[in-house]
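What follows is one structure encoded as structure tokens, with my remarks underneath.
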Amino acid sequence: MKINLFEEAARVSYPGRGIVIGRSGDGKKAVAAYWTMGRSAGSRNRIFVKDNENGSEVVRTKAYDESLIAGDPSLIIYAAVRELGKKTIVTNGDQTDTIFEGLQKGLTFEQSLRSRKYEHDGPNWTPRISSIIDITDGVLNYTLSILKSDDGNGDCILRQTFDYEGPFAGEGRYIHTYEGDGNPLPSFKGEPVKVSIEGDLESFTTKLWNSLNTDNKVSLFVRFIDIATGAYEEKIINKNE
């Protein structure tokens, strides 16, 4: 059953990082949304920025205040969005580059992720959530993936991939890193949640940002991609700006 995305995003005070992929209500656009949240000073010290690499846009996380960087920056500083031809990659970590490089070598999305596992931040073992949108030949297909520990057991890796071919208009799938608060934080369970995709870029972004927990939300990226042409419009909201 399809549920309201904005209500679902608001339901959990700390879902961690989240990805939503789907199709606009008019059926013409692929929709991608990715957000970061944080409870520590380091996790909240981030913004999304646009970069250009070999003529292609890359969306990265960046420290808002460089003087506050502590620990391993690779878990919070990475390329979150990359493009390769008619494909758009959106993830919650540096596995964006792993997927991008794998595709260039002829590997599939799933094969590329075989070299990775959950994040090295035990005892949470934060899941790596990843997505790829493909609009080749004007047809929309997308895939979501989660790499996580088995109920907090760092010795066991669960690799789950979910493919969606020819998705319905006004419908998407939502996956996030955590089920909610806890110590350690419990990983997302089950299939990506079937959610409604409502409104244009402006209204969708505003409603989604407003639905995220005020204390914990950090940044939000949303892109609407024309399935026929590949042209896109996007919006970024950073709490720290």
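Labels for the structure tokens follow display order: chains A, B, ..., residues from 1 in each chain, ligands from 1.
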Alpha helix (DSSP H) per DSSP on the backbone: members of stretch 23-209 of chain A, as a VMD selection string: chain A and resid 41 to 44 95 to 104 109 to 113 201 to 209
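When atom CA of A:Ser40 is paired with atom CA of A:Val195, their separation reads 29.1 Å.
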Would you mind telling me which residue in A:Asn240, A:Ser196, A:Thr161, A:Thr88 lies nearest to A:Glu8 when using only C-alpha atoms? A:Ser196
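With distances restricted to only C-alpha atoms, A:Lys217 is the closest residue to A:Asn45 from A:Lys217, A:Lys87, A:Arg128, A:Arg82.
Backbone DSSP of stretch 60-130 of chain A yields strand (DSSP E or B) at Arg60, Thr61, Lys62, Ala63, Ala79, Ala80, Val81, Arg82, Glu83, Leu84, Lys87, Thr88, Ile89, Val90, Thr91, Arg128, Ile129 and Ser130 of chain A.
Atom pair atom CA of A:Leu84 / atom CA of A:Glu101: separated by 9.8 Å.
Closest approach to A:Ile99 among A:Met1, A:Leu75, A:Ile132, A:Val218 is made by A:Ile132 (distances from only C-alpha atoms).
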List every residue of stretch 100-148 of chain A that has an atom at most 9 Å from any atom of stretch 19-39 of chain A, and for each one report the closest atom pair and its distance in Å to one decimal, counting only C-alpha atoms, with rows sorted by chain and then by increasing residue number, as CSV.
```
residue,atom,partner,partner_atom,distance
A:Ile129,CA,A:Ile19,CA,7.6
A:Ser130,CA,A:Ile19,CA,7.8
A:Ser131,CA,A:Ile21,CA,7.8
A:Ile132,CA,A:Ile21,CA,8.7
A:Ile133,CA,A:Ala30,CA,7.7
A:Ile135,CA,A:Ala30,CA,8.2
A:Leu140,CA,A:Ala30,CA,7.1
A:Tyr142,CA,A:Ile21,CA,7.6
A:Thr143,CA,A:Ile21,CA,8.6
A:Leu144,CA,A:Ile21,CA,8.3
```
Which polymer residues have any atom within 10 Å of an atom of A:Asp72, counting only C-alpha atoms, with same-chain residues fewer than 4 positions away left out, as a list in words? Ile76, Ile77, His120 and Asp121 of chain A
Could you name the residues that touch A:Ile146 at 12 Å or less, counting only C-alpha atoms, but leaving out those on the same chain fewer than 6 positions away, as a ChimeraX atom specification? /A:18-19,91-93,95,110,113-114,116-119,126-131,157-162,174-178,187-192
Write out the residues from the selection above, keeping C-alpha atoms, as a short mmCIF file (atom, residue, chain, number, x, y, z; two decimals), in the first residue's frame.
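Dumped to part-v6.cif:
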```cif
data_model
loop_
_atom_site.label_atom_id
_atom_site.label_comp_id
_atom_site.auth_asym_id
_atom_site.auth_seq_id
_atom_site.Cartn_x
_atom_site.Cartn_y
_atom_site.Cartn_z
CA GLY A 18 17.35 8.84 3.55
CA ILE A 19 16.86 8.23 -0.18
CA THR A 91 24.09 7.19 -2.25
CA ASN A 92 24.84 7.97 1.38
CA GLY A 93 28.61 7.49 1.16
CA GLN A 95 30.27 4.03 -2.53
CA GLU A 110 24.96 -4.79 -7.82
CA LEU A 113 28.72 -2.92 -4.55
CA ARG A 114 30.09 -6.43 -3.91
CA ARG A 116 31.72 -2.77 -0.14
CA LYS A 117 29.90 -3.37 3.13
CA TYR A 118 28.33 -1.29 5.93
CA GLU A 119 30.23 1.70 7.33
CA THR A 126 25.60 2.28 9.66
CA PRO A 127 24.08 0.79 6.49
CA ARG A 128 25.21 1.96 3.09
CA ILE A 129 22.12 2.85 1.09
CA SER A 130 22.50 3.36 -2.65
CA SER A 131 20.34 4.00 -5.70
CA ILE A 157 26.87 -8.71 6.00
CA LEU A 158 23.42 -8.51 4.43
CA ARG A 159 23.31 -7.32 0.80
CA GLN A 160 19.81 -6.50 -0.41
CA THR A 161 18.92 -5.10 -3.83
CA PHE A 162 15.49 -3.97 -5.02
CA TYR A 174 11.88 5.28 0.41
CA ILE A 175 14.84 3.73 2.24
CA HIS A 176 16.81 5.10 5.19
CA THR A 177 19.68 4.04 7.41
CA TYR A 178 18.03 3.69 10.84
CA SER A 187 19.39 -0.58 10.97
CA PHE A 188 16.53 -0.18 8.49
CA LYS A 189 14.57 -3.42 8.01
CA GLY A 190 12.38 -4.77 5.23
CA GLU A 191 11.69 -3.55 1.72
CA PRO A 192 11.89 0.13 0.77
#
```
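The space separating atom CA of A:Phe100 from atom CA of A:Asn238 comes to 25.3 Å.
With only C-alpha atoms as the atoms that count, the minimum distance from A:Val12 to the choices A:Thr205, A:Thr214, A:Ser219, A:Gln104 is reached by A:Thr214.
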Please provide the set of residues having any atom within 8 Å of stretch 50-60 of chain A, restricted to only C-alpha atoms, with same-chain residues fewer than 2 positions apart removed, written as an MDAnalysis selection string. chainID A and resid 48 62 77:83
Would you output that residue set with C-alpha atoms, as a PDB file, in the first residue's frame?
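Wrote it out as out02.pdb, contents follow:
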```pdb
ATOM      1  CA  PHE A  48      25.643  19.933   0.047  1.00  0.00           C
ATOM      2  CA  LYS A  62      31.306  19.428   2.489  1.00  0.00           C
ATOM      3  CA  ILE A  77      32.550  13.919   3.285  1.00  0.00           C
ATOM      4  CA  TYR A  78      31.877  12.250  -0.071  1.00  0.00           C
ATOM      5  CA  ALA A  79      30.298  12.556  -3.518  1.00  0.00           C
ATOM      6  CA  ALA A  80      26.594  11.829  -2.996  1.00  0.00           C
ATOM      7  CA  VAL A  81      25.372  12.223  -6.599  1.00  0.00           C
ATOM      8  CA  ARG A  82      27.079  11.360  -9.889  1.00  0.00           C
ATOM      9  CA  GLU A  83      25.911  11.025 -13.495  1.00  0.00           C
TER      10      GLU A  83
END
```
Which is closer to A:Asp134 than all the others in A:Leu220, A:Val90, A:Ala63, A:Cys156, using only C-alpha atoms? A:Val90
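Counting only C-alpha atoms, the residue from A:Asp215, A:Glu241, A:Asp97, A:Glu233 that sits nearest to A:Ala41 is A:Asp215.
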